[in-house]
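In what follows, a structure is listed as C-alpha cells, so that the remarks can point back to it.
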Amino acid sequence: MTAKTVSSEPPVKTGLRQALLAPVRLVMGLVDIPMRGWQKLTGLNGMAGVFLAPNMLIFTVFVLLPLVINFIYSTTSGSAIFLQNRTYVGADQYRILFDCGSYLDPSTCAADTFWAAVRNTAVFVVFQVTVMLIAALATALILNRELSNRGFWRAVFFFPVLLSPVVVGLIWKWILQREGLLNYALSPFGFEPFSWLSDRFWAFFFAVFVSVWAHMGFYALILLAGLQAIPRDLYEAAAMDSARPIRIFRRITLPLLMPNLIVVLVLALIRAVQIFDEVFVLTGGGPGTSTMYITQYIYETGFASSLRNPGLASAASILMGIVLVILTLVQLGVSNRNEKKGARH
Amino acid sequence: MTRMKSIGAAFAAVLLSSVAAHAGDVRIMWYSDGSEGEVIKDLLSRFSKANPDVNVILDEVSYDVVKEQLPVQLEAGQGPDIARVTNLKAPAQHWLDLRPYLTDAKYWEDNFGAQADWMRPDGSNAITGFMTQLTLTGGFVNKTLFEQAGVEIPGPKATWDDWAAAAKKVADSQKVFAMAIDRSGHRVSGPNISYGANYIAADGKPAPIDQGAKDFLSRFVKWNEDGTINKDVWVSAAGTTYRSAAEDFINGGLAYLYSGSWQISGFAQKIGDNFDWVMAGSPCGSVACSGMQGGAGLVAVKYTKNPKDVAKVMDYLAGADVQKEFAERSLFIPAHKGVAAGQMDFKTDNPHVQAALKAFVEAAGQTAAPAMKLPGWKWSDAYYSAIVARISQVIAGEMKLDDAYARIDEDIKAKVAGN
C-alpha cells in the first residue's frame, strides 16, 4: 500500500487564473506608479481627494449645479427655459408665495393653491407616517414569528415595493373608480355604486392607504432586520421570569429596535413629504385640490399649466428642499445621539 | 496633443450623431382622438414610397404629452419637426414660417387662409401649418335612453335649462347620469358665450369674467351639486388637467354629453350598434346657441434642422386629394376650403355618423362672433385654465362661486403679467 500524499495547496487551475489576472496586474502596476508618486507629494489626504474626485464631479454636475440653477430660476419670471431669456425679479416669487393674510387659511394667500398643497402635505405626512410606522412594525413583528411558509409571507408584504408607483396608482384607480372592483364587490350587499375618489374624505383616506400599501414592505424589512438582531437570550431570560408579552415588547423589543425605528421614521417622513406619483395617478390631486401635495403643485406650476411659471415652481421647490434638509439633519442628529448613547453603554 | 484632439473630435462626433436629426429625417408628434392615426400612417407611407430621400417618423403620443411636454421642449428650443396641436396661438413664436419653402404659398392662402391667423404670431403673415380638421363643440344624445325613458329629445332651440331638465328625467328613469361636460375650459366657453360672455377686452387683453359667463357657470355648478351633471369628471383632477367624459357616454351611462365633433370617429368605432345616438347642436343661452370652434393644427416647428423636407411633407399632407381622403376616412370636418366646398364621401356605413357630421356642419352657422375670435386669441388658454381650476374647486366644495370668480380674474392677471 502506498501512502497518499496530501497537498496543502487547493486544487485550483493556477495557470488559467494567472493568465486571466496578468492584464489586470499589468494595469494595476501601471496605475500604481503615478499613484505612489502622487501620494508622496500630497500625503494621504491628497489621495482621498483623488478617489473622491469622480464622485464629486458627478455630484457637482447632477446635484449641485441643478440646485444652483434652480435657485437662480426662482429669482426670475416668464415661461422661457433658457436663463438668458428670463427676467430677473429678485425675491418676487418668494414674496408671491408668502403673500398671505393668514398662513392657516390658504384662501387668504395670493398663492392659495401652494398653501393648500402645504397644508395637505402636512396632514398627509402626519397620518401616513403614523399609519406606516404602526403597520410596518406590526407586520415586522408578525413576520418575525415562527410562521409556516414565513418566506412566502415576507415576499407577499414586500411585493408592492417592487411595483412602479404609476402601476400602483392605476391598479387602485381601477379598484376604486365608480365602475371598479370595490363597488362590484359591495353591490351584492345592497351598496349603491359610489365615487370613492370624488369624495374628499375617501380620496384622502385612499391616498394614505395606497401609499402605505405600496411602501410598507420596505420599512417592515428594515424593522425585521432589527428584530432579528435582538439577542434571543434576552427573550429566554424574560420568559424564565414569566414576563408578560406586552412588558417584553416595551422593555426589550422597543428599546433595542429604536435605532431602526428612527431610521424608518425619518425615511418615511422624507418620502411622505415628497409624495406625488401614485397619488397623482390615483386622484389627479382632486377632488378640488384636496389631495394635491407640494410636489404636484410644483409639477403643475412648472410644467403642466398652459402658461407655465418655472420661477414660482422653483421657489416652491427650494422651500420644500429646505424642509427636507431639516428632516435629514434631524435624522443625522438623532442617529449620532443614538450612536453615542450606544457607545456609552 | 494632436491625439487628444482626435479623440475629442471622435467623441464629439459620436455624441452629435446620437442626438442630432439626420438630413432627411422629419419627426412628427401626433396624437389621435379616433382613427386618424391609422389614416395618417397610411398617407405617410405613400409619401415615403414616392420620396425615399425623406425619412418621416410618426411619433404617436397621448394628448397629455402634446399639452404638457411639447411646450417645455419648445421653450428649450427643441421638439419634433412637425406637431399636431390644439393650442395654436400662444406658442406661435415656436412655429416655422413655411412660406419660403412651399411650392405654392398662394394655394395655402386660398385653402387654409381662414384659420392661418390661429397659428401665427400677431401681426405676421407667416404660414406655419394647416388645420387637420375643424371642430365644433356640441351635444351628443343617447337616443335609446331617451326613448326608453319616454322623454322627448328637446328641439333645436332648446335652452340649457330645457336640456338639463329632460336629461335629468332620463337619468332618474334609467339610473344613469343625466349630463356631462368634458373637463375643459374650451368646452364651457361655448355655453358661456351663449349667455353673453366675452373674454376679450377692448385692448385685446383678457377682460374680467362677466355676467354672461357667470350665468352659465352658476348653472353648471348647481347641476354638479344636484347630480344633474356627473361631477366625477370635473373633480377627478386638480389644476388644469383635461378629462373627457366620452367613455361614460360610450358605455351607455350618460344621457347627454357635451363634447365635440372630434368624438364622432371614436363613437362610430366604440359604440357600434349598442345604442342609437344623435348630435343635437349647442343648447341655447339667453343670447345665442353657440358652440366653440377649434380643431387640431399640424404645425412646423422652428427648431427643425430640415425645413425643406418639413415643407415637402407639409405640402404633401396639405394637398387637396390627401385632405379629402384624410377627412373622409377620419370622419372629420375638413378645414381645406376647396375640399369643404366639394362633395364629401365619408367612409362609414354608420347612419349616426353621417347625421352627426351633417348636424355639426349646420350648427357651425350658429357660432357666435366671440366664439369665432377665441381660437386665434393669445390668451384663450389662460382663460380656459383659470376657469377649469377654480370651478373644479367650487364643485369639490372648497370655494364659494363668488370667490372663484375673483380668483379666475387674479389667475388670468398673473399669467398675463408673467408672460
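Every chain in the C-alpha cells has a letter given in the order shown (A, B, ...), and although residue numbers restart at 1 in each chain, ligands are simply numbered from 1 in the order shown.
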For a quick test of understanding: name the residues of chain B lying within 8 Å of chain A when counting only C-alpha atoms, and present them as a ChimeraX atom specification. /B:67-69,72,75-76,231-232,235-241,381-382,385,389,392-398,415,418-419
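The protein and nucleic acid residues lying at most 6 Å from stretch 281-298 of chain B are Ala83, Arg84, Val85, Thr86, Gly129, Phe130, Met131, Thr132, Gln133, Leu134, Thr135, Leu136, Thr137, Gly138, Gly139, Ala158, Thr159, Trp160, Gly190, Ser194, Tyr195, Gly196, Ala363, Gln366, Thr367, Ala368 and Ala371 of chain B, with only C-alpha atoms considered and sequence neighbours fewer than 3 positions away removed.
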For the residues in that selection, give me N, CA and C atoms as a tab-separated table (two decimals), in the first residue's frame.
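In the end it all went to again_11.tsv:
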```tsv
chain	number	residue	atom	x	y	z
B	83	ALA	N	-45.74	69.10	-35.43
B	83	ALA	CA	-46.54	68.64	-34.30
B	83	ALA	C	-48.01	68.89	-34.57
B	84	ARG	N	-48.84	68.00	-34.04
B	84	ARG	CA	-50.29	68.21	-34.13
B	84	ARG	C	-50.75	68.76	-32.78
B	85	VAL	N	-51.23	69.99	-32.79
B	85	VAL	CA	-51.56	70.66	-31.53
B	85	VAL	C	-52.93	71.33	-31.61
B	86	THR	N	-53.49	71.57	-30.44
B	86	THR	CA	-54.76	72.31	-30.38
B	86	THR	C	-54.53	73.72	-29.83
B	129	GLY	N	-48.61	76.31	-40.80
B	129	GLY	CA	-49.19	74.97	-40.85
B	129	GLY	C	-50.62	75.03	-41.34
B	130	PHE	N	-51.37	73.99	-41.09
B	130	PHE	CA	-52.77	73.98	-41.50
B	130	PHE	C	-53.60	73.18	-40.50
B	131	MET	N	-54.89	73.43	-40.50
B	131	MET	CA	-55.77	72.69	-39.60
B	131	MET	C	-56.03	71.30	-40.21
B	132	THR	N	-55.80	70.26	-39.42
B	132	THR	CA	-56.09	68.92	-39.93
B	132	THR	C	-57.60	68.70	-40.00
B	133	GLN	N	-58.33	69.41	-39.17
B	133	GLN	CA	-59.78	69.36	-39.23
B	133	GLN	C	-60.33	70.56	-38.48
B	134	LEU	N	-61.54	70.93	-38.79
B	134	LEU	CA	-62.23	71.94	-37.98
B	134	LEU	C	-63.13	71.19	-37.01
B	135	THR	N	-63.23	71.71	-35.84
B	135	THR	CA	-64.12	71.07	-34.88
B	135	THR	C	-65.12	72.09	-34.34
B	136	LEU	N	-66.17	71.56	-33.81
B	136	LEU	CA	-67.17	72.41	-33.17
B	136	LEU	C	-67.67	71.65	-31.96
B	137	THR	N	-67.84	72.35	-30.87
B	137	THR	CA	-68.39	71.66	-29.70
B	137	THR	C	-69.91	71.52	-29.86
B	138	GLY	N	-70.43	70.50	-29.25
B	138	GLY	CA	-71.87	70.26	-29.36
B	138	GLY	C	-72.29	69.11	-28.47
B	139	GLY	N	-73.59	68.89	-28.43
B	139	GLY	CA	-74.13	67.87	-27.51
B	139	GLY	C	-74.45	66.56	-28.22
B	158	ALA	N	-83.86	74.55	-27.98
B	158	ALA	CA	-83.98	74.29	-26.54
B	158	ALA	C	-82.84	74.95	-25.78
B	159	THR	N	-83.12	75.40	-24.59
B	159	THR	CA	-82.09	76.07	-23.77
B	159	THR	C	-81.33	75.01	-22.95
B	160	TRP	N	-80.26	75.47	-22.31
B	160	TRP	CA	-79.51	74.59	-21.41
B	160	TRP	C	-80.41	74.08	-20.28
B	190	GLY	N	-68.28	77.83	-24.97
B	190	GLY	CA	-69.41	77.98	-25.89
B	190	GLY	C	-70.69	78.30	-25.11
B	194	SER	N	-72.92	81.67	-25.07
B	194	SER	CA	-74.37	81.62	-25.36
B	194	SER	C	-75.16	82.46	-24.36
B	195	TYR	N	-74.58	82.67	-23.19
B	195	TYR	CA	-75.24	83.54	-22.19
B	195	TYR	C	-74.67	84.96	-22.23
B	196	GLY	N	-73.85	85.25	-23.24
B	196	GLY	CA	-73.39	86.62	-23.44
B	196	GLY	C	-71.97	86.91	-22.98
B	363	ALA	N	-74.71	73.32	-37.43
B	363	ALA	CA	-74.54	74.07	-36.18
B	363	ALA	C	-73.43	75.11	-36.29
B	366	GLN	N	-74.24	78.70	-36.51
B	366	GLN	CA	-74.80	79.41	-35.35
B	366	GLN	C	-73.70	79.91	-34.40
B	367	THR	N	-72.46	79.67	-34.77
B	367	THR	CA	-71.37	80.06	-33.87
B	367	THR	C	-71.35	81.58	-33.68
B	368	ALA	N	-71.40	82.01	-32.41
B	368	ALA	CA	-71.44	83.45	-32.11
B	368	ALA	C	-70.08	84.10	-32.38
B	371	ALA	N	-67.09	83.60	-30.07
B	371	ALA	CA	-66.53	82.24	-30.12
B	371	ALA	C	-65.62	82.06	-31.33
```
Near-B:Pro80 list (9 Å; only C-alpha atoms; drop same-chain fewer than 5 positions) as a PDB file with C-alpha atoms, in the first residue's frame:
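Wrote it out as selection.pdb, contents follow:
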```pdb
ATOM      1  CA  VAL B  26     -38.836  64.535 -40.388  1.00  0.00           C
ATOM      2  CA  ARG B  27     -40.251  63.657 -36.991  1.00  0.00           C
ATOM      3  CA  ILE B  28     -43.959  64.239 -36.393  1.00  0.00           C
ATOM      4  CA  MET B  29     -45.530  64.354 -32.929  1.00  0.00           C
ATOM      5  CA  ASP B  59     -44.388  59.528 -33.002  1.00  0.00           C
ATOM      6  CA  LEU B  70     -44.267  69.682 -26.041  1.00  0.00           C
ATOM      7  CA  GLN B  73     -39.456  71.099 -25.344  1.00  0.00           C
ATOM      8  CA  LEU B  74     -40.308  74.144 -27.442  1.00  0.00           C
ATOM      9  CA  ALA B 300     -43.990  73.062 -38.460  1.00  0.00           C
ATOM     10  CA  VAL B 301     -41.563  73.673 -35.614  1.00  0.00           C
ATOM     11  CA  TYR B 303     -36.171  74.363 -34.490  1.00  0.00           C
ATOM     12  CA  THR B 304     -36.154  71.776 -37.284  1.00  0.00           C
TER      13      THR B 304
END
```
What's the 10 Å shell around B:Phe220, counting only C-alpha atoms, without same-chain residues fewer than 6 positions away, as a PyMOL selection string? chain B and resi 160+164+180-181+188+191+214+228-229+231+391+395
Close residues, A:Pro165 itself excluded, 12 Å, only C-alpha atoms, min 3 positions apart in chain, as an mmCIF file with all heavy atoms, in the first residue's frame:
```cif
data_model
loop_
_atom_site.group_PDB
_atom_site.id
_atom_site.type_symbol
_atom_site.label_atom_id
_atom_site.label_comp_id
_atom_site.auth_asym_id
_atom_site.auth_seq_id
_atom_site.Cartn_x
_atom_site.Cartn_y
_atom_site.Cartn_z
ATOM 1 N N PRO A 160 -45.442 44.685 -3.155
ATOM 2 C CA PRO A 160 -45.845 46.016 -3.675
ATOM 3 C C PRO A 160 -44.674 46.990 -3.823
ATOM 4 O O PRO A 160 -44.735 47.893 -4.662
ATOM 5 C CB PRO A 160 -46.829 46.529 -2.609
ATOM 6 C CG PRO A 160 -47.339 45.311 -1.947
ATOM 7 C CD PRO A 160 -46.199 44.329 -1.942
ATOM 8 N N VAL A 161 -43.616 46.806 -3.043
ATOM 9 C CA VAL A 161 -42.455 47.708 -3.135
ATOM 10 C C VAL A 161 -41.813 47.602 -4.516
ATOM 11 O O VAL A 161 -41.245 48.560 -5.026
ATOM 12 C CB VAL A 161 -41.421 47.354 -2.037
ATOM 13 C CG1 VAL A 161 -40.194 48.248 -2.129
ATOM 14 C CG2 VAL A 161 -42.051 47.475 -0.664
ATOM 15 N N LEU A 162 -41.945 46.433 -5.133
ATOM 16 C CA LEU A 162 -41.313 46.218 -6.435
ATOM 17 C C LEU A 162 -42.092 46.883 -7.571
ATOM 18 O O LEU A 162 -41.582 47.038 -8.665
ATOM 19 C CB LEU A 162 -41.206 44.713 -6.725
ATOM 20 C CG LEU A 162 -40.461 43.882 -5.674
ATOM 21 C CD1 LEU A 162 -40.511 42.412 -6.035
ATOM 22 C CD2 LEU A 162 -39.015 44.341 -5.568
ATOM 23 N N VAL A 168 -49.005 51.121 -9.311
ATOM 24 C CA VAL A 168 -49.764 51.091 -8.048
ATOM 25 C C VAL A 168 -50.993 51.998 -8.162
ATOM 26 O O VAL A 168 -52.119 51.601 -7.848
ATOM 27 C CB VAL A 168 -48.875 51.540 -6.871
ATOM 28 C CG1 VAL A 168 -49.700 51.782 -5.618
ATOM 29 C CG2 VAL A 168 -47.800 50.508 -6.598
ATOM 30 N N GLY A 169 -50.776 53.222 -8.654
ATOM 31 C CA GLY A 169 -51.872 54.176 -8.795
ATOM 32 C C GLY A 169 -52.955 53.661 -9.727
ATOM 33 O O GLY A 169 -54.145 53.751 -9.424
ATOM 34 N N LEU A 170 -52.525 53.094 -10.845
ATOM 35 C CA LEU A 170 -53.506 52.590 -11.821
ATOM 36 C C LEU A 170 -54.311 51.417 -11.265
ATOM 37 O O LEU A 170 -55.527 51.367 -11.424
ATOM 38 C CB LEU A 170 -52.789 52.161 -13.111
ATOM 39 C CG LEU A 170 -52.389 53.294 -14.057
ATOM 40 C CD1 LEU A 170 -51.593 52.762 -15.229
ATOM 41 C CD2 LEU A 170 -53.619 54.035 -14.575
ATOM 42 N N ILE A 171 -53.610 50.485 -10.600
ATOM 43 C CA ILE A 171 -54.307 49.316 -10.040
ATOM 44 C C ILE A 171 -55.413 49.776 -9.090
ATOM 45 O O ILE A 171 -56.561 49.348 -9.183
ATOM 46 C CB ILE A 171 -53.306 48.402 -9.284
ATOM 47 C CG1 ILE A 171 -52.379 47.695 -10.273
ATOM 48 C CG2 ILE A 171 -54.050 47.372 -8.425
ATOM 49 C CD1 ILE A 171 -51.239 46.942 -9.596
ATOM 50 N N TRP A 172 -55.053 50.681 -8.195
ATOM 51 C CA TRP A 172 -56.032 51.126 -7.199
ATOM 52 C C TRP A 172 -57.114 52.014 -7.805
ATOM 53 O O TRP A 172 -58.238 52.039 -7.323
ATOM 54 C CB TRP A 172 -55.332 51.797 -6.020
ATOM 55 C CG TRP A 172 -54.755 50.759 -5.112
ATOM 56 C CD1 TRP A 172 -53.465 50.321 -5.085
ATOM 57 C CD2 TRP A 172 -55.462 49.971 -4.143
ATOM 58 N NE1 TRP A 172 -53.321 49.318 -4.165
ATOM 59 C CE2 TRP A 172 -54.534 49.080 -3.564
ATOM 60 C CE3 TRP A 172 -56.776 49.933 -3.715
ATOM 61 C CZ2 TRP A 172 -54.891 48.169 -2.571
ATOM 62 C CZ3 TRP A 172 -57.146 49.029 -2.732
ATOM 63 C CH2 TRP A 172 -56.207 48.155 -2.172
ATOM 64 N N VAL A 210 -53.190 53.735 0.064
ATOM 65 C CA VAL A 210 -52.442 53.200 -1.081
ATOM 66 C C VAL A 210 -50.944 53.436 -0.904
ATOM 67 O O VAL A 210 -50.128 52.544 -1.198
ATOM 68 C CB VAL A 210 -52.956 53.819 -2.410
ATOM 69 C CG1 VAL A 210 -52.045 53.466 -3.571
ATOM 70 C CG2 VAL A 210 -54.372 53.332 -2.682
ATOM 71 N N SER A 211 -50.568 54.597 -0.403
ATOM 72 C CA SER A 211 -49.130 54.846 -0.240
ATOM 73 C C SER A 211 -48.553 53.962 0.868
ATOM 74 O O SER A 211 -47.410 53.510 0.760
ATOM 75 C CB SER A 211 -48.846 56.323 0.017
ATOM 76 O OG SER A 211 -49.380 56.704 1.243
ATOM 77 N N VAL A 212 -49.340 53.700 1.905
ATOM 78 C CA VAL A 212 -48.865 52.780 2.951
ATOM 79 C C VAL A 212 -48.741 51.372 2.363
ATOM 80 O O VAL A 212 -47.729 50.683 2.546
ATOM 81 C CB VAL A 212 -49.828 52.778 4.163
ATOM 82 C CG1 VAL A 212 -49.488 51.643 5.124
ATOM 83 C CG2 VAL A 212 -49.748 54.109 4.893
ATOM 84 N N TRP A 213 -49.750 50.952 1.621
ATOM 85 C CA TRP A 213 -49.749 49.625 0.990
ATOM 86 C C TRP A 213 -48.514 49.458 0.096
ATOM 87 O O TRP A 213 -47.873 48.409 0.083
ATOM 88 C CB TRP A 213 -51.037 49.472 0.172
ATOM 89 C CG TRP A 213 -51.161 48.162 -0.544
ATOM 90 C CD1 TRP A 213 -51.647 47.002 -0.052
ATOM 91 C CD2 TRP A 213 -50.800 47.885 -1.908
ATOM 92 N NE1 TRP A 213 -51.613 46.022 -1.004
ATOM 93 C CE2 TRP A 213 -51.100 46.533 -2.161
ATOM 94 C CE3 TRP A 213 -50.251 48.648 -2.948
ATOM 95 C CZ2 TRP A 213 -50.866 45.925 -3.402
ATOM 96 C CZ3 TRP A 213 -50.017 48.044 -4.182
ATOM 97 C CH2 TRP A 213 -50.327 46.710 -4.396
ATOM 98 N N ALA A 214 -48.197 50.528 -0.633
ATOM 99 C CA ALA A 214 -47.114 50.429 -1.620
ATOM 100 C C ALA A 214 -45.730 50.383 -0.975
ATOM 101 O O ALA A 214 -44.820 49.746 -1.504
ATOM 102 C CB ALA A 214 -47.205 51.607 -2.589
ATOM 103 N N HIS A 215 -45.540 51.062 0.164
ATOM 104 C CA HIS A 215 -44.181 51.218 0.694
ATOM 105 C C HIS A 215 -43.930 50.494 2.007
ATOM 106 O O HIS A 215 -42.784 50.425 2.458
ATOM 107 C CB HIS A 215 -43.868 52.713 0.879
ATOM 108 C CG HIS A 215 -44.026 53.495 -0.388
ATOM 109 N ND1 HIS A 215 -43.159 53.372 -1.439
ATOM 110 C CD2 HIS A 215 -44.968 54.377 -0.784
ATOM 111 C CE1 HIS A 215 -43.561 54.156 -2.431
ATOM 112 N NE2 HIS A 215 -44.651 54.760 -2.058
ATOM 113 N N ILE A 275 -44.356 62.977 -1.582
ATOM 114 C CA ILE A 275 -45.405 62.160 -2.228
ATOM 115 C C ILE A 275 -45.903 62.809 -3.513
ATOM 116 O O ILE A 275 -46.145 64.011 -3.556
ATOM 117 C CB ILE A 275 -46.590 61.913 -1.254
ATOM 118 C CG1 ILE A 275 -47.604 60.942 -1.863
ATOM 119 C CG2 ILE A 275 -47.282 63.216 -0.868
ATOM 120 C CD1 ILE A 275 -47.150 59.531 -1.856
ATOM 121 N N PHE A 276 -46.007 62.031 -4.565
ATOM 122 C CA PHE A 276 -46.519 62.566 -5.828
ATOM 123 C C PHE A 276 -47.122 61.472 -6.714
ATOM 124 O O PHE A 276 -48.333 61.429 -6.908
ATOM 125 C CB PHE A 276 -45.413 63.304 -6.598
ATOM 126 C CG PHE A 276 -45.811 63.746 -7.972
ATOM 127 C CD1 PHE A 276 -46.920 64.559 -8.157
ATOM 128 C CD2 PHE A 276 -45.097 63.353 -9.091
ATOM 129 C CE1 PHE A 276 -47.306 64.978 -9.426
ATOM 130 C CE2 PHE A 276 -45.466 63.756 -10.368
ATOM 131 C CZ PHE A 276 -46.566 64.575 -10.536
ATOM 132 N N ASP A 277 -46.251 60.575 -7.200
ATOM 133 C CA ASP A 277 -46.622 59.730 -8.338
ATOM 134 C C ASP A 277 -47.892 58.899 -8.167
ATOM 135 O O ASP A 277 -48.833 59.031 -8.952
ATOM 136 C CB ASP A 277 -45.447 58.844 -8.772
ATOM 137 C CG ASP A 277 -44.432 58.628 -7.678
ATOM 138 O OD1 ASP A 277 -44.848 58.602 -6.511
ATOM 139 O OD2 ASP A 277 -43.246 58.479 -7.971
ATOM 140 N N GLU A 278 -47.924 58.044 -7.126
ATOM 141 C CA GLU A 278 -49.093 57.159 -7.046
ATOM 142 C C GLU A 278 -50.384 57.930 -6.752
ATOM 143 O O GLU A 278 -51.443 57.601 -7.288
ATOM 144 C CB GLU A 278 -48.888 56.029 -6.029
ATOM 145 C CG GLU A 278 -48.662 56.452 -4.600
ATOM 146 C CD GLU A 278 -47.201 56.298 -4.214
ATOM 147 O OE1 GLU A 278 -46.328 56.438 -5.098
ATOM 148 O OE2 GLU A 278 -46.918 56.048 -3.030
ATOM 149 N N VAL A 279 -50.254 59.004 -5.957
ATOM 150 C CA VAL A 279 -51.463 59.782 -5.649
ATOM 151 C C VAL A 279 -51.906 60.585 -6.875
ATOM 152 O O VAL A 279 -53.101 60.717 -7.149
ATOM 153 C CB VAL A 279 -51.217 60.710 -4.434
ATOM 154 C CG1 VAL A 279 -52.428 61.600 -4.179
ATOM 155 C CG2 VAL A 279 -50.919 59.887 -3.205
ATOM 156 N N PHE A 280 -50.948 61.079 -7.633
ATOM 157 C CA PHE A 280 -51.278 61.842 -8.849
ATOM 158 C C PHE A 280 -52.046 60.964 -9.833
ATOM 159 O O PHE A 280 -53.038 61.389 -10.427
ATOM 160 C CB PHE A 280 -49.995 62.375 -9.494
ATOM 161 C CG PHE A 280 -50.236 63.170 -10.744
ATOM 162 C CD1 PHE A 280 -50.928 64.366 -10.700
ATOM 163 C CD2 PHE A 280 -49.778 62.716 -11.968
ATOM 164 C CE1 PHE A 280 -51.151 65.105 -11.859
ATOM 165 C CE2 PHE A 280 -50.000 63.443 -13.127
ATOM 166 C CZ PHE A 280 -50.686 64.635 -13.078
ATOM 167 N N VAL A 281 -51.583 59.722 -9.985
ATOM 168 C CA VAL A 281 -52.277 58.807 -10.903
ATOM 169 C C VAL A 281 -53.650 58.441 -10.325
ATOM 170 O O VAL A 281 -54.634 58.347 -11.047
ATOM 171 C CB VAL A 281 -51.438 57.538 -11.146
ATOM 172 C CG1 VAL A 281 -52.204 56.523 -11.982
ATOM 173 C CG2 VAL A 281 -50.126 57.888 -11.817
ATOM 174 N N LEU A 282 -53.696 58.258 -9.008
ATOM 175 C CA LEU A 282 -54.926 57.799 -8.357
ATOM 176 C C LEU A 282 -56.025 58.868 -8.365
ATOM 177 O O LEU A 282 -57.148 58.603 -8.794
ATOM 178 C CB LEU A 282 -54.608 57.396 -6.912
ATOM 179 C CG LEU A 282 -55.729 56.765 -6.111
ATOM 180 C CD1 LEU A 282 -56.033 55.368 -6.617
ATOM 181 C CD2 LEU A 282 -55.363 56.686 -4.627
#
```
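Counting only C-alpha atoms, the residue from A:Phe51, A:Tyr219, A:Phe159, A:Tyr235 that sits nearest to A:Leu137 is A:Tyr219.
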Set the distance at 9 Å and use only C-alpha atoms: which residues neighbour stretch 249-254 of chain A once local chain neighbours fewer than 6 positions away are removed? I'd like the list as a ChimeraX atom specification. /A:227,230,234-235,238,261
Please save all heavy atoms of the selected residues as a PDB file, in the first residue's frame.
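Written out: selection.pdb:
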```
ATOM      1  N   LEU A 227     -35.285  43.431  14.371  1.00  0.00           N
ATOM      2  CA  LEU A 227     -35.841  42.438  15.301  1.00  0.00           C
ATOM      3  C   LEU A 227     -34.954  41.197  15.368  1.00  0.00           C
ATOM      4  O   LEU A 227     -34.746  40.609  16.433  1.00  0.00           O
ATOM      5  CB  LEU A 227     -37.255  42.038  14.857  1.00  0.00           C
ATOM      6  CG  LEU A 227     -38.365  43.057  15.113  1.00  0.00           C
ATOM      7  CD1 LEU A 227     -39.665  42.616  14.457  1.00  0.00           C
ATOM      8  CD2 LEU A 227     -38.579  43.254  16.612  1.00  0.00           C
ATOM      9  N   ILE A 230     -31.872  41.308  17.630  1.00  0.00           N
ATOM     10  CA  ILE A 230     -32.024  41.310  19.101  1.00  0.00           C
ATOM     11  C   ILE A 230     -31.660  39.920  19.631  1.00  0.00           C
ATOM     12  O   ILE A 230     -32.205  38.918  19.161  1.00  0.00           O
ATOM     13  CB  ILE A 230     -33.474  41.681  19.508  1.00  0.00           C
ATOM     14  CG1 ILE A 230     -33.815  43.100  19.008  1.00  0.00           C
ATOM     15  CG2 ILE A 230     -33.657  41.599  21.025  1.00  0.00           C
ATOM     16  CD1 ILE A 230     -35.254  43.508  19.219  1.00  0.00           C
ATOM     17  N   LEU A 234     -32.177  37.263  25.587  1.00  0.00           N
ATOM     18  CA  LEU A 234     -32.931  38.259  26.363  1.00  0.00           C
ATOM     19  C   LEU A 234     -34.387  37.824  26.520  1.00  0.00           C
ATOM     20  O   LEU A 234     -34.975  37.935  27.596  1.00  0.00           O
ATOM     21  CB  LEU A 234     -32.883  39.622  25.674  1.00  0.00           C
ATOM     22  CG  LEU A 234     -31.522  40.323  25.658  1.00  0.00           C
ATOM     23  CD1 LEU A 234     -31.602  41.609  24.836  1.00  0.00           C
ATOM     24  CD2 LEU A 234     -31.080  40.643  27.078  1.00  0.00           C
ATOM     25  N   TYR A 235     -34.941  37.305  25.421  1.00  0.00           N
ATOM     26  CA  TYR A 235     -36.330  36.834  25.471  1.00  0.00           C
ATOM     27  C   TYR A 235     -36.445  35.585  26.349  1.00  0.00           C
ATOM     28  O   TYR A 235     -37.418  35.408  27.081  1.00  0.00           O
ATOM     29  CB  TYR A 235     -36.843  36.527  24.060  1.00  0.00           C
ATOM     30  CG  TYR A 235     -37.028  37.771  23.221  1.00  0.00           C
ATOM     31  CD1 TYR A 235     -36.161  38.066  22.181  1.00  0.00           C
ATOM     32  CD2 TYR A 235     -38.055  38.667  23.492  1.00  0.00           C
ATOM     33  CE1 TYR A 235     -36.315  39.199  21.422  1.00  0.00           C
ATOM     34  CE2 TYR A 235     -38.220  39.818  22.739  1.00  0.00           C
ATOM     35  CZ  TYR A 235     -37.341  40.091  21.699  1.00  0.00           C
ATOM     36  OH  TYR A 235     -37.499  41.233  20.960  1.00  0.00           O
ATOM     37  N   ALA A 238     -36.414  36.666  29.875  1.00  0.00           N
ATOM     38  CA  ALA A 238     -37.699  37.272  30.225  1.00  0.00           C
ATOM     39  C   ALA A 238     -38.767  36.201  30.410  1.00  0.00           C
ATOM     40  O   ALA A 238     -39.600  36.283  31.312  1.00  0.00           O
ATOM     41  CB  ALA A 238     -38.125  38.251  29.129  1.00  0.00           C
ATOM     42  N   LEU A 261     -36.228  52.011  14.221  1.00  0.00           N
ATOM     43  CA  LEU A 261     -37.483  52.776  14.162  1.00  0.00           C
ATOM     44  C   LEU A 261     -37.219  54.229  13.766  1.00  0.00           C
ATOM     45  O   LEU A 261     -37.987  54.823  13.011  1.00  0.00           O
ATOM     46  CB  LEU A 261     -38.185  52.731  15.521  1.00  0.00           C
ATOM     47  CG  LEU A 261     -39.145  51.553  15.726  1.00  0.00           C
ATOM     48  CD1 LEU A 261     -39.593  51.472  17.171  1.00  0.00           C
ATOM     49  CD2 LEU A 261     -40.359  51.653  14.813  1.00  0.00           C
TER      50      LEU A 261
END
```
Could you give me the residues within stretch 118-278 of chain A that DSSP places in alpha helix (DSSP H), as a ChimeraX atom specification? /A:118-143,150-162,165-176,181-186,200-229,232-240,245-248,254-273,277-278
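Residue neighbourhood of A:Gln93, excluding near-sequence residues (fewer than 4 positions): A:Ser74, A:Thr75, A:Leu97, A:Gly311, A:Leu312, A:Ala315, at 7 Å, using only C-alpha atoms.
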Let me see the file: selected residues, C-alpha atoms, as a tab-separated table (two decimals), in the first residue's frame.
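Result went into again34.tsv, see below:
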```
chain	number	residue	atom	x	y	z
A	74	SER	CA	-36.52	81.12	-8.54
A	75	THR	CA	-35.32	84.71	-8.93
A	97	LEU	CA	-45.63	82.53	-2.11
A	311	GLY	CA	-39.81	80.61	-11.42
A	312	LEU	CA	-42.65	80.13	-8.97
A	315	ALA	CA	-39.19	78.93	-5.43
```
Rank B:Asp215, B:Asp81, B:Glu225, B:Asp182 by their smallest atom-to-atom distance to B:Gln263, using only C-alpha atoms, and report the top residue only. B:Asp182
